[in-house]
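These notes are about the structure you will find just below.
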Amino acid sequence: MGDDEIKRYPDAVLRRVAKPVRKINRQMRDLLEDMARVMRRARGVGLAAPQIGISRRVIVVDVGDGLIELVNPELVHGEGSETAVEGCLSVPGKVGEVTRYQKVVVSGLNRSGHRVWVEAEGLLARALQHEIDHLDGTLFLDRAQNVREVTPAPRVVLCATGEFAIPLLERLAEEGFEVAALVTRPDRPSGRGLRPAGPPIKERAVELGIPVWQPASLRTGDIAEQLAAAGPDFLVVADFGRILPPDMLATPRVAAVNLHPSLLPRWRGPAPVERAIMAGDAVTGVTTLHMTDEVDAGDIILQREVPISPDDTGGTLREKLSRAGADLMVETLELLLRGEGDRQPQDAARATYAAELSSEDEFIDWNREAAAIVRQVRALQPRPGARTYWGQRQLKVGEARVHAAGGPPGQVLALDSDGFVVGAGDGGVLVLRVQPEGRAYMGAAEFLRGYRLEVGDRLGKEA
Ligand code: CO
């Protein structure tokens with residue numbers, strides 16, 4: 001039973017006087033459980049049985065202090081009065097001002113059939129009166145003044161771990177989406193003290209007041225139930241690094257949507273940003289797609305191109321893509337909410353795969369053409385960095401340019417005030433910034449002053 005089971009005004013069942021319950025049996029307890037689940041899923045603070053089409057005198061209420069279940073409830077006392085804005089799950093999109101008793105005593109039977117009395121004030125008193133009204137066929141609209149339309153914020157659960165998704169999280173919050181939760185990885189020991197720390201996006205979520213879930217597993221435990229209880233319109237996945245099981249993907253009311261930083265079907269897989277730079281692509285982009293059980297293979301909703309500039313690094317390009325992606329996702333969700341958005345199947349024949357970066361990808365092969373080496377250096381900045389050997393020592397290369405001079409691959413051909421030139425498969429590479437082991441990145445000129453690199457030295461794995 002989901003949101004869709006809630007009967008909406010002007011359904012006739014909402015106008016009937018509900019019948020008292022004669023006997024509290026197993027069926028009645030099942031009904032109470034169904035009602036609590038529907039209420040929570042819909043994020044209501046109360047629900048009456050007629051609202052799910054059952055014309056019996058049963059209500060559940062939870063304003064945050066625990067669940068109250070009442071069979072055959074009656075208002076036995078009311079005092080004071082208070083006016084506040086009220087809405088109803090059966091009258092979506094409308095609120096109005098309703099004056100009710102400020103304090104009440106309600107009597108009814110609990111799930112064991114024992115008589116109980118509930119003393120309440122404020123919001124709880126209001127919710128009890130509202131639900132008892134439902135049993136008499138009365139809606140808040142009948143008592144309300146200044147009824148106005150409200151658009152409920154679409155509810156999103158965001159699954160994300162990497163920093164890539166931080167602009168997305170911020171945009172969703174800014175654009176009036178209700179981010180019901182951030183699902184991210186558990187805290188891990190990190191830093192020098194190995195203190196457990198969460199991913200940076202967790203901190204941002206906490207600052208924005210968004211609940212954070214960090215399940216150890218997505219397949220066991222109660223994450224799927226937790227997600228279902230949140231009743232999201234959308235499940236949005238970006239830079240998550242974990243595969244979502246089908247039961248989670250099936251949960252959202254509208255869609256499960258993934259943001260991928262490439263123009264799919266090019267560069268499916270975990271390292272699309274680096275692979276696009278390494279391959280010398282002039283243009284990449286962002287794609288929003290429907291999620292399926294096959295990774296990055298779902299139907300495309302929207303795409304936006306982002307040019308790769310000649311000085312883009314993995315870091316700068318990722319940042320551009322994360323901002324473009326945040327915009328594109330907001331646009332995508334708005335489109336889907338209007339019931340629009342084409343599904344464009346991917347042409348699997350044109351798919352390429354962006355494999356995870358390995359340590360093999362980090363080592364510079366000086367036999368390759370100079371332009372490819374320079375692209376490798378750019379792609380791997382700021383992390384993990386392209387490396388080479390200089391004798392027994394490792395050296396990371398942080399910045400490099402193609403140079404006209406040519407010579408044996410891996411050989412230091414010239415030293416000058418900007419840096420040093422190394423022979424490549426064709427021409428040479430001018431190295432401008434390096435990081436010696438155990439040191440920070442420094443300009444190549446500074447490196448040359450402190451280290452005894454000489455013309456004729458060999459760089460590379462075989463050195
Ligand atoms: Co109601």
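Chain labels follow the order of the structure tokens: the first chain is A, the next B, and so on; residue numbering restarts at 1 in every chain, and ligands are counted from 1 in their shown order.
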**Prompt:** Which residues come within 7 Å of A:Ile308, counting only C-alpha atoms, excluding same-chain residues fewer than 3 positions away, as a VMD selection string?
**Reply:** chain A and resid 282 to 284 312
Write out as a compact mmCIF listing (two decimals) with N, CA and C atoms, in the first residue's frame each polymer residue (protein, DNA or RNA) that has an atom no more than 10 Å from ligand 1, with only C-alpha atoms and all ligand atoms counted.
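Just written: selection_23.txt:
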# COMPACT_ATOMS: atom_id res chain seq x y z
N ARG A 8 -8.52 10.61 -2.11
CA ARG A 8 -8.42 12.06 -2.19
C ARG A 8 -9.79 12.69 -2.32
N TYR A 9 -9.93 13.86 -1.73
CA TYR A 9 -11.09 14.69 -1.92
C TYR A 9 -11.30 14.86 -3.43
N LEU A 14 -14.79 9.70 1.96
CA LEU A 14 -14.34 10.71 2.92
C LEU A 14 -15.51 11.47 3.55
N GLY A 44 2.70 12.11 6.84
CA GLY A 44 1.61 12.78 7.53
C GLY A 44 1.80 12.66 9.03
N VAL A 45 1.02 13.44 9.80
CA VAL A 45 1.08 13.30 11.25
C VAL A 45 -0.14 12.55 11.78
N GLY A 46 -1.04 12.18 10.85
CA GLY A 46 -2.21 11.42 11.28
C GLY A 46 -2.91 10.83 10.09
N LEU A 47 -3.70 9.77 10.36
CA LEU A 47 -4.47 9.16 9.27
C LEU A 47 -5.69 8.49 9.87
N ALA A 48 -6.82 8.62 9.17
CA ALA A 48 -8.06 7.97 9.60
C ALA A 48 -8.39 6.89 8.56
N PRO A 50 -10.99 5.91 6.91
CA PRO A 50 -11.68 6.25 5.65
C PRO A 50 -10.72 6.78 4.59
N GLN A 51 -9.59 7.34 5.01
CA GLN A 51 -8.63 7.88 4.04
C GLN A 51 -7.97 6.80 3.20
N GLU A 86 -3.42 24.28 8.57
CA GLU A 86 -3.59 22.84 8.59
C GLU A 86 -3.74 22.33 7.16
N GLY A 87 -3.31 21.11 6.94
CA GLY A 87 -3.53 20.46 5.65
C GLY A 87 -3.99 19.04 5.89
N CYS A 88 -4.14 18.27 4.80
CA CYS A 88 -4.64 16.91 4.94
C CYS A 88 -4.12 16.07 3.79
N LEU A 89 -3.73 14.83 4.07
CA LEU A 89 -3.20 13.96 3.02
C LEU A 89 -4.25 13.68 1.95
N SER A 90 -5.53 13.82 2.32
CA SER A 90 -6.60 13.57 1.34
C SER A 90 -6.96 14.83 0.54
N VAL A 91 -6.35 15.95 0.91
CA VAL A 91 -6.59 17.20 0.19
C VAL A 91 -5.22 17.80 -0.19
N PRO A 92 -4.48 17.10 -1.05
CA PRO A 92 -3.11 17.55 -1.33
C PRO A 92 -3.11 18.91 -2.02
N ALA A 127 -4.15 17.32 15.75
CA ALA A 127 -4.16 16.12 14.90
C ALA A 127 -5.28 15.17 15.32
N GLN A 129 -8.13 15.90 16.79
CA GLN A 129 -9.42 16.48 16.39
C GLN A 129 -9.63 16.33 14.88
N HIS A 130 -8.57 16.56 14.12
CA HIS A 130 -8.63 16.45 12.66
C HIS A 130 -9.00 15.02 12.24
N GLU A 131 -8.37 14.03 12.88
CA GLU A 131 -8.63 12.63 12.49
C GLU A 131 -10.02 12.18 12.93
N ILE A 132 -10.45 12.62 14.10
CA ILE A 132 -11.81 12.26 14.55
C ILE A 132 -12.85 12.89 13.60
N ASP A 133 -12.58 14.10 13.15
CA ASP A 133 -13.44 14.74 12.13
C ASP A 133 -13.62 13.83 10.91
N HIS A 134 -12.49 13.22 10.47
CA HIS A 134 -12.57 12.33 9.30
C HIS A 134 -13.59 11.22 9.52
N THR A 138 -16.11 14.75 8.02
CA THR A 138 -15.78 16.18 8.00
C THR A 138 -14.32 16.37 7.57
N LEU A 139 -14.09 17.32 6.66
CA LEU A 139 -12.72 17.62 6.24
C LEU A 139 -12.31 18.99 6.78
N PHE A 140 -11.02 19.20 6.88
CA PHE A 140 -10.56 20.50 7.41
C PHE A 140 -11.08 21.66 6.56
N LEU A 141 -11.35 21.36 5.28
CA LEU A 141 -11.85 22.39 4.37
C LEU A 141 -13.18 22.97 4.89
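Coordinates place atom CA of A:Arg37 at a distance of 10.4 Å from atom CA of A:Ala230.
Every protein, DNA or RNA residue with an atom at most 7 Å from stretch 163-175 of chain A, where only C-alpha atoms count and chain neighbours fewer than 3 positions away do not, is listed here: Ala160, Glu178, Val179, Pro200, Ile201, Ala238, Asp239, Arg318, Ser322, Arg323, Ala326 and Val330 of chain A.
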Using the selection just defined, write its residues with N, CA and C atoms as a PDB file, in the first residue's frame.
ATOM      1  N   ALA A 160      25.180   9.537  -2.802  1.00  0.00           N
ATOM      2  CA  ALA A 160      26.405  10.146  -3.318  1.00  0.00           C
ATOM      3  C   ALA A 160      27.504  10.051  -2.283  1.00  0.00           C
ATOM      4  N   GLU A 178      12.900  18.805  -1.525  1.00  0.00           N
ATOM      5  CA  GLU A 178      13.110  18.375  -0.155  1.00  0.00           C
ATOM      6  C   GLU A 178      14.072  17.190  -0.204  1.00  0.00           C
ATOM      7  N   VAL A 179      15.294  17.399   0.248  1.00  0.00           N
ATOM      8  CA  VAL A 179      16.236  16.287   0.258  1.00  0.00           C
ATOM      9  C   VAL A 179      15.991  15.518   1.564  1.00  0.00           C
ATOM     10  N   PRO A 200      33.353  14.256   2.496  1.00  0.00           N
ATOM     11  CA  PRO A 200      33.058  15.692   2.620  1.00  0.00           C
ATOM     12  C   PRO A 200      31.588  16.041   2.363  1.00  0.00           C
ATOM     13  N   ILE A 201      30.930  15.283   1.500  1.00  0.00           N
ATOM     14  CA  ILE A 201      29.533  15.599   1.207  1.00  0.00           C
ATOM     15  C   ILE A 201      28.656  15.385   2.441  1.00  0.00           C
ATOM     16  N   ALA A 238      24.664   9.959  -7.815  1.00  0.00           N
ATOM     17  CA  ALA A 238      25.786  10.636  -8.469  1.00  0.00           C
ATOM     18  C   ALA A 238      27.071  10.327  -7.714  1.00  0.00           C
ATOM     19  N   ASP A 239      28.068   9.840  -8.404  1.00  0.00           N
ATOM     20  CA  ASP A 239      29.378   9.574  -7.790  1.00  0.00           C
ATOM     21  C   ASP A 239      29.209   8.811  -6.475  1.00  0.00           C
ATOM     22  N   ARG A 318      36.440  18.112 -13.734  1.00  0.00           N
ATOM     23  CA  ARG A 318      35.451  17.509 -12.850  1.00  0.00           C
ATOM     24  C   ARG A 318      34.582  18.584 -12.216  1.00  0.00           C
ATOM     25  N   SER A 322      30.684  18.957 -12.575  1.00  0.00           N
ATOM     26  CA  SER A 322      29.811  18.815 -11.414  1.00  0.00           C
ATOM     27  C   SER A 322      28.819  19.966 -11.360  1.00  0.00           C
ATOM     28  N   ARG A 323      29.248  21.152 -11.796  1.00  0.00           N
ATOM     29  CA  ARG A 323      28.304  22.283 -11.822  1.00  0.00           C
ATOM     30  C   ARG A 323      27.285  22.119 -12.959  1.00  0.00           C
ATOM     31  N   ALA A 326      24.805  19.461 -11.931  1.00  0.00           N
ATOM     32  CA  ALA A 326      23.804  19.890 -10.946  1.00  0.00           C
ATOM     33  C   ALA A 326      22.651  20.599 -11.659  1.00  0.00           C
ATOM     34  N   VAL A 330      18.642  19.176 -12.017  1.00  0.00           N
ATOM     35  CA  VAL A 330      17.469  19.956 -11.607  1.00  0.00           C
ATOM     36  C   VAL A 330      16.482  20.058 -12.784  1.00  0.00           C
TER      37      VAL A 330
END
**Request:** Please give the complete set of residues from stretch 249-366 of chain A that DSSP, run on the backbone, assigns to alpha helix (DSSP H), formatted as a ChimeraX atom specification.
**Result:** /A:249,272-278,314-337,359-362
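Ranking A:Met442, A:Ala349, A:Leu380, A:Ala229 by their shortest atom-to-atom distance to A:Asp361, with only C-alpha atoms included, puts A:Leu380 first.
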**Request:** Excluding A:Arg439 and residues on its chain fewer than 4 positions from it, collect all residues at most 10 Å away from it, counting only C-alpha atoms, and give them as a VMD selection string.
**Result:** chain A and resid 395 434 to 435
**Asked** Using the chain letters and numbers from this document, which residues of stretch 195-375 of chain A does DSSP assign to strand (DSSP E), as a PyMOL selection string?
**Response** chain A and resi 195-197+212-213+234-238+255-260+283-290+300-307
Output file for the selection above: N, CA and C atoms, as a tab-separated table (two decimals), in the first residue's frame:
chain	number	residue	atom	x	y	z
A	195	ARG	N	41.41	8.93	12.66
A	195	ARG	CA	40.09	9.09	13.27
A	195	ARG	C	39.03	8.85	12.21
A	196	PRO	N	37.93	8.18	12.59
A	196	PRO	CA	36.89	7.92	11.58
A	196	PRO	C	36.33	9.23	11.05
A	197	ALA	N	36.25	9.34	9.72
A	197	ALA	CA	35.70	10.55	9.12
A	197	ALA	C	34.78	10.16	7.98
A	212	VAL	N	21.51	12.11	7.24
A	212	VAL	CA	22.53	11.33	6.55
A	212	VAL	C	22.41	9.87	6.97
A	213	TRP	N	22.33	8.99	5.97
A	213	TRP	CA	22.31	7.55	6.24
A	213	TRP	C	23.61	6.96	5.73
A	234	PHE	N	11.95	10.94	-6.06
A	234	PHE	CA	13.12	10.60	-6.87
A	234	PHE	C	14.22	9.98	-6.01
A	235	LEU	N	14.89	9.01	-6.61
A	235	LEU	CA	16.16	8.55	-6.09
A	235	LEU	C	17.20	9.09	-7.06
A	236	VAL	N	18.11	9.92	-6.56
A	236	VAL	CA	19.12	10.54	-7.43
A	236	VAL	C	20.48	9.99	-7.03
A	237	VAL	N	21.22	9.52	-8.03
A	237	VAL	CA	22.49	8.86	-7.75
A	237	VAL	C	23.60	9.58	-8.52
A	238	ALA	N	24.66	9.96	-7.82
A	238	ALA	CA	25.79	10.64	-8.47
A	238	ALA	C	27.07	10.33	-7.71
A	255	ALA	N	10.98	8.37	-10.39
A	255	ALA	CA	12.09	7.74	-11.12
A	255	ALA	C	13.35	7.65	-10.27
A	256	ALA	N	14.21	6.70	-10.65
A	256	ALA	CA	15.57	6.63	-10.12
A	256	ALA	C	16.48	7.13	-11.24
A	257	VAL	N	17.18	8.25	-10.97
A	257	VAL	CA	17.93	8.94	-12.00
A	257	VAL	C	19.40	9.05	-11.62
A	258	ASN	N	20.26	8.77	-12.58
A	258	ASN	CA	21.69	8.82	-12.36
A	258	ASN	C	22.27	10.03	-13.11
A	259	LEU	N	23.28	10.66	-12.50
A	259	LEU	CA	24.04	11.71	-13.19
A	259	LEU	C	25.41	11.14	-13.50
A	260	HIS	N	25.79	11.15	-14.78
A	260	HIS	CA	27.07	10.58	-15.18
A	260	HIS	C	27.90	11.63	-15.92
A	283	VAL	N	35.53	17.48	-26.49
A	283	VAL	CA	34.26	17.77	-25.82
A	283	VAL	C	33.88	16.57	-24.97
A	284	THR	N	33.38	16.83	-23.77
A	284	THR	CA	32.72	15.78	-23.01
A	284	THR	C	31.40	16.37	-22.51
A	285	GLY	N	30.89	15.92	-21.39
A	285	GLY	CA	29.62	16.48	-20.94
A	285	GLY	C	29.03	15.70	-19.80
A	286	VAL	N	27.77	15.98	-19.55
A	286	VAL	CA	27.05	15.30	-18.49
A	286	VAL	C	25.77	14.69	-19.05
A	287	THR	N	25.37	13.57	-18.48
A	287	THR	CA	24.17	12.86	-18.92
A	287	THR	C	23.32	12.52	-17.70
A	288	THR	N	22.01	12.73	-17.82
A	288	THR	CA	21.10	12.16	-16.83
A	288	THR	C	20.41	10.97	-17.49
A	289	LEU	N	20.27	9.89	-16.73
A	289	LEU	CA	19.70	8.67	-17.30
A	289	LEU	C	18.89	7.89	-16.27
A	290	HIS	N	17.93	7.16	-16.78
A	290	HIS	CA	17.16	6.26	-15.92
A	290	HIS	C	18.06	5.13	-15.47
A	300	ILE	N	18.69	7.48	-21.75
A	300	ILE	CA	19.15	8.85	-21.53
A	300	ILE	C	17.95	9.79	-21.45
A	301	ILE	N	18.01	10.72	-20.48
A	301	ILE	CA	16.96	11.74	-20.38
A	301	ILE	C	17.46	13.05	-20.99
A	302	LEU	N	18.54	13.59	-20.45
A	302	LEU	CA	19.11	14.83	-20.99
A	302	LEU	C	20.63	14.73	-21.04
A	303	GLN	N	21.24	15.48	-21.96
A	303	GLN	CA	22.70	15.57	-22.03
A	303	GLN	C	23.09	17.02	-22.24
A	304	ARG	N	24.26	17.39	-21.73
A	304	ARG	CA	24.79	18.73	-22.02
A	304	ARG	C	26.27	18.61	-22.28
A	305	GLU	N	26.71	19.24	-23.35
A	305	GLU	CA	28.13	19.21	-23.69
A	305	GLU	C	28.93	20.17	-22.82
A	306	VAL	N	30.15	19.79	-22.50
A	306	VAL	CA	31.09	20.68	-21.82
A	306	VAL	C	32.42	20.54	-22.57
A	307	PRO	N	32.92	21.64	-23.17
A	307	PRO	CA	34.19	21.53	-23.90
A	307	PRO	C	35.35	21.28	-22.94
**Nearest to A:Arg126 by atom-to-atom distance, counting only C-alpha atoms, from A:Leu337, A:Val147, A:Val156, A:Val61** = A:Val61
**Long-range neighbours of A:Arg253 as a ChimeraX atom specification, 8 Å cut-off, only C-alpha atoms, 6 positions minimum in chain** = /A:231-234
How about saving the chosen residues, N, CA and C atoms kept, as an mmCIF file, in the first residue's frame?
data_model
loop_
_atom_site.group_PDB
_atom_site.id
_atom_site.type_symbol
_atom_site.label_atom_id
_atom_site.label_comp_id
_atom_site.auth_asym_id
_atom_site.auth_seq_id
_atom_site.Cartn_x
_atom_site.Cartn_y
_atom_site.Cartn_z
ATOM 1 N N GLY A 231 9.499 7.548 1.306
ATOM 2 C CA GLY A 231 8.566 7.826 0.212
ATOM 3 C C GLY A 231 9.060 8.859 -0.776
ATOM 4 N N PRO A 232 10.257 8.704 -1.331
ATOM 5 C CA PRO A 232 10.783 9.742 -2.229
ATOM 6 C C PRO A 232 10.082 9.754 -3.586
ATOM 7 N N ASP A 233 10.006 10.941 -4.176
ATOM 8 C CA ASP A 233 9.576 11.046 -5.569
ATOM 9 C C ASP A 233 10.718 10.592 -6.474
ATOM 10 N N PHE A 234 11.953 10.939 -6.061
ATOM 11 C CA PHE A 234 13.121 10.599 -6.874
ATOM 12 C C PHE A 234 14.220 9.976 -6.014
#
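Coordinates place atom CA of A:Arg26 at a distance of 13.4 Å from atom CA of A:Val71.
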